[in-house]
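Colleague: For reference, the structure I am asking about is given below.
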Amino acid sequence: MEISFPVIDFSKLKGEESGATMEMIKDACENWGFFELLNHGISNELMDTVERLTKEHYRKCMKPRFKEMVESKGLAAVQSEINDLDWESTFFLRHLPESNISEIPDLEEDYRKVMKEFAVELEKLAEQLLDILCENLGLEKGYLKKVFYGSKGPTFGTKVSNYPPCPKPYLIKGLRAHTDAGGIILLFQDDKVSGLQLLKDDQWIDVPPVKHSIVINLGDQLEVITNGKFKSVMHRVIAQTDGTRMSIASFYNPGSDAVIYPAPALLEKEAEKSQVMYPKFVFEDYMKLYAGLKFQAKEPRFEAMKNKESTVNLGPIATV
């Protein structure tokens with residue numbers, strides 16, 4: 001039986017199909033950790049401009065550097081599987097708590113401007129989605145945003161990647177399998193060149209490239225806060241022999257000093273059948289651990305944080 005990846009029309013939340021759409025999002029969060037949004041409110045024109053300028057920037061600035069890296073490491077001639085690097089060309093933009101877009105070298109002014117505009121739209125969508133997750137979980141509206149807030153607000157950034165054609169995709173991954181450490185991830189991906197896969201029921205499933213869609217996936221922090229009700233899921237990028245795949249992944253994460261722990265209201269609601277499965281920790285501490293263990297299973301990371309748990313002081317949640 002073919003498994004159908006969840007593709008959800010976000011505009012239906014406003015009509016008579018609102019209940020069914022909420023249910024689809026809930027099911028995707030519980031059973032997939034991923035879903036794809038259509039009609040999400042970000043204009044096609046803006047997305048087309050982001051794509052055009054991203055691909056121009058790659059061709060002009062990133063492609064020559066990637067070629068140099070491949071040559072310097074002799075990657076085109078490898079004979080055995082490579083497990084310590086990825087076939088990707090990337091740079092990072094930070095939006096919150098403070099933007100660094102003006103400091104990134106080699107970006108044309110119109111590209112800086114459009115990426116700032118895109119980030120504003122994605123931030124709005126991320127916060128909308130967090131409130132939808134609250135509703136589906138039976139948590140008060142704004143709870144997840146408050147948890148993420150810490151003392152200075154959430155962290156929000158974008159990883160801009162291109163995956164060039166790879167001569168030996170069976171020996172080197174575009175991006176090795178991992179779960180995302182943070183909160184909620186919003187991906188604008190190439191609609192022609194595929195490659196993103198997620199692990200479901202021990203099978204790698206393709207995430208379909210759909211024009212003007214935004215792919216959503218949940219990070220480790222949402223698994224912790226929901227005490228495992230929602231899942232962060234292993235995913236990877238398979239390098240392709242033809243075509244360059246664009247990927248613009250934006251990570252709406254807790255603030256560095258945010259204290260992350262299973263939501264008490266969820267634990268109370270499920271008291272008779274649920275025990276606390278996850279630790280309590282400061283987000284920055286988790287990120288330090290994740291940096292060295294990204295491409296390994298998430299469970300040992302959670303266990304390691306449990307061992308540190310006694311050092312965390314649980315204060316009141318900061319309000320916005």
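Chains: A, B, ... in order of the structure tokens. Residues: from 1 per chain. Ligands: from 1, in order shown.
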Considering only C-alpha atoms, return as a list in words whatever protein or nucleic-acid residues lie within 7 Å of Ser213 of chain A, sequence-local ones (same chain, fewer than 5 positions apart) excluded.

Modeller: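 The residues satisfying every condition are Glu36, Leu37, Leu38 and Phe188 of chain A.
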
Colleague: Among the residues of segment 2-205 of chain A, find those DSSP assigns to helix (DSSP H, G or I) from the backbone and print them as a ChimeraX atom specification.

Modeller: /A:10-14,18-31,44-73,75-77,101-103,109-137,143-149

Colleague: Thr155 of chain A: which residues within 10 Å, counting only C-alpha atoms, same-chain residues fewer than 3 positions away excluded, as a ChimeraX atom specification?

Modeller: /A:94-98,148-150,152,182-183,251-256

Colleague: Restricting the calculation to only C-alpha atoms: of A:Asn217, A:Ser4, A:Ser250, A:Gln128, which residue gets closest to Ser161 of chain A?

Modeller: A:Ser250

Colleague: Can you pull out every residue within 12 Å of Lys288 of chain A, counting only C-alpha atoms, but drop anything in the same chain fewer than 4 positions away, and send it as a PyMOL selection string?

Modeller: chain A and resi 181+256+281-284+292-294+301+304-305

Colleague: Have a look at atom CA of His235 of chain A and atom CA of Leu196 of chain A and let me know their distance in Å, one decimal.

Modeller: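 Distance reported for this atom pair: 7.2 Å.
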
Colleague: Excluding same-chain residues fewer than 4 positions from segment 277-280 of chain A, what lies within 12 Å of it counting only C-alpha atoms, as an NGL selection string?

Modeller: :A and (220-229 or 258-264 or 267 or 273 or 285-286 or 298-315)

Colleague: Do you know which residues are at most 12 Å from Leu13 of chain A counting only C-alpha atoms, after dropping those on the same chain fewer than 4 positions away, and could you put them as JSON, numbers by chain?

Modeller: {"A": [8, 9, 17, 18, 19, 20, 21, 22, 23, 24, 25, 37, 38, 39, 40, 41, 128, 129, 132]}

Colleague: Please return, as an NGL selection string, all residues of segment 87-263 of chain A that DSSP assigns to strand (DSSP E or B) on the basis of the backbone.

Modeller: :A and (89-96 or 155-163 or 175-178 or 184-189 or 196-200 or 203-206 or 214-218 or 235-237 or 245-253 or 259-260)

Colleague: Keeping only C-alpha atoms, take the residues you just selected and write them out as a PDB file, in the first residue's frame.

Modeller:
ATOM      1  CA  SER A  89      26.496  24.530  -0.658  1.00  0.00           C
ATOM      2  CA  THR A  90      25.059  26.675   2.151  1.00  0.00           C
ATOM      3  CA  PHE A  91      25.013  29.974   3.971  1.00  0.00           C
ATOM      4  CA  PHE A  92      23.041  31.116   7.016  1.00  0.00           C
ATOM      5  CA  LEU A  93      20.941  34.191   7.763  1.00  0.00           C
ATOM      6  CA  ARG A  94      19.878  35.226  11.265  1.00  0.00           C
ATOM      7  CA  HIS A  95      16.615  37.184  11.715  1.00  0.00           C
ATOM      8  CA  LEU A  96      15.899  37.109  15.465  1.00  0.00           C
ATOM      9  CA  THR A 155      15.689  32.672  17.735  1.00  0.00           C
ATOM     10  CA  PHE A 156      14.858  32.590  14.059  1.00  0.00           C
ATOM     11  CA  GLY A 157      17.198  31.969  11.155  1.00  0.00           C
ATOM     12  CA  THR A 158      17.403  30.594   7.627  1.00  0.00           C
ATOM     13  CA  LYS A 159      19.733  28.054   6.069  1.00  0.00           C
ATOM     14  CA  VAL A 160      19.968  28.703   2.313  1.00  0.00           C
ATOM     15  CA  SER A 161      21.217  25.559   0.554  1.00  0.00           C
ATOM     16  CA  ASN A 162      21.819  24.313  -2.936  1.00  0.00           C
ATOM     17  CA  TYR A 163      22.468  20.659  -3.744  1.00  0.00           C
ATOM     18  CA  LEU A 175      22.565  15.893   3.707  1.00  0.00           C
ATOM     19  CA  ARG A 176      22.981  13.028   6.156  1.00  0.00           C
ATOM     20  CA  ALA A 177      19.995  11.759   8.157  1.00  0.00           C
ATOM     21  CA  HIS A 178      19.135  13.770  11.278  1.00  0.00           C
ATOM     22  CA  ILE A 184       9.193  24.477  13.961  1.00  0.00           C
ATOM     23  CA  ILE A 185      10.877  24.461  10.547  1.00  0.00           C
ATOM     24  CA  LEU A 186       9.444  26.050   7.393  1.00  0.00           C
ATOM     25  CA  LEU A 187      11.000  24.896   4.126  1.00  0.00           C
ATOM     26  CA  PHE A 188      10.687  26.479   0.695  1.00  0.00           C
ATOM     27  CA  GLN A 189      12.110  23.821  -1.603  1.00  0.00           C
ATOM     28  CA  LEU A 196      14.217  15.318   0.551  1.00  0.00           C
ATOM     29  CA  GLN A 197      13.117  12.126   2.328  1.00  0.00           C
ATOM     30  CA  LEU A 198      11.766  11.343   5.795  1.00  0.00           C
ATOM     31  CA  LEU A 199      11.848   8.097   7.737  1.00  0.00           C
ATOM     32  CA  LYS A 200       8.432   6.620   8.500  1.00  0.00           C
ATOM     33  CA  GLN A 203      10.906   3.360   5.160  1.00  0.00           C
ATOM     34  CA  TRP A 204      12.373   6.419   3.470  1.00  0.00           C
ATOM     35  CA  ILE A 205       9.466   8.424   2.003  1.00  0.00           C
ATOM     36  CA  ASP A 206       9.912  11.197  -0.593  1.00  0.00           C
ATOM     37  CA  ILE A 214       5.930  25.389   2.332  1.00  0.00           C
ATOM     38  CA  VAL A 215       6.989  22.113   3.948  1.00  0.00           C
ATOM     39  CA  ILE A 216       6.648  22.104   7.742  1.00  0.00           C
ATOM     40  CA  ASN A 217       8.508  19.816  10.089  1.00  0.00           C
ATOM     41  CA  LEU A 218       8.755  19.624  13.857  1.00  0.00           C
ATOM     42  CA  HIS A 235      15.102  13.132   7.373  1.00  0.00           C
ATOM     43  CA  ARG A 236      17.839  13.405   4.768  1.00  0.00           C
ATOM     44  CA  VAL A 237      18.601  14.774   1.317  1.00  0.00           C
ATOM     45  CA  ARG A 245      18.053  21.501  -5.812  1.00  0.00           C
ATOM     46  CA  MET A 246      17.296  24.725  -3.942  1.00  0.00           C
ATOM     47  CA  SER A 247      16.349  24.500  -0.254  1.00  0.00           C
ATOM     48  CA  ILE A 248      15.521  27.479   1.982  1.00  0.00           C
ATOM     49  CA  ALA A 249      14.867  26.166   5.508  1.00  0.00           C
ATOM     50  CA  SER A 250      13.829  28.628   8.215  1.00  0.00           C
ATOM     51  CA  PHE A 251      14.072  27.570  11.848  1.00  0.00           C
ATOM     52  CA  TYR A 252      11.751  29.194  14.398  1.00  0.00           C
ATOM     53  CA  ASN A 253      13.404  28.096  17.639  1.00  0.00           C
ATOM     54  CA  VAL A 259      13.572  26.503  29.603  1.00  0.00           C
ATOM     55  CA  ILE A 260      12.090  23.554  27.719  1.00  0.00           C
TER      56      ILE A 260
END
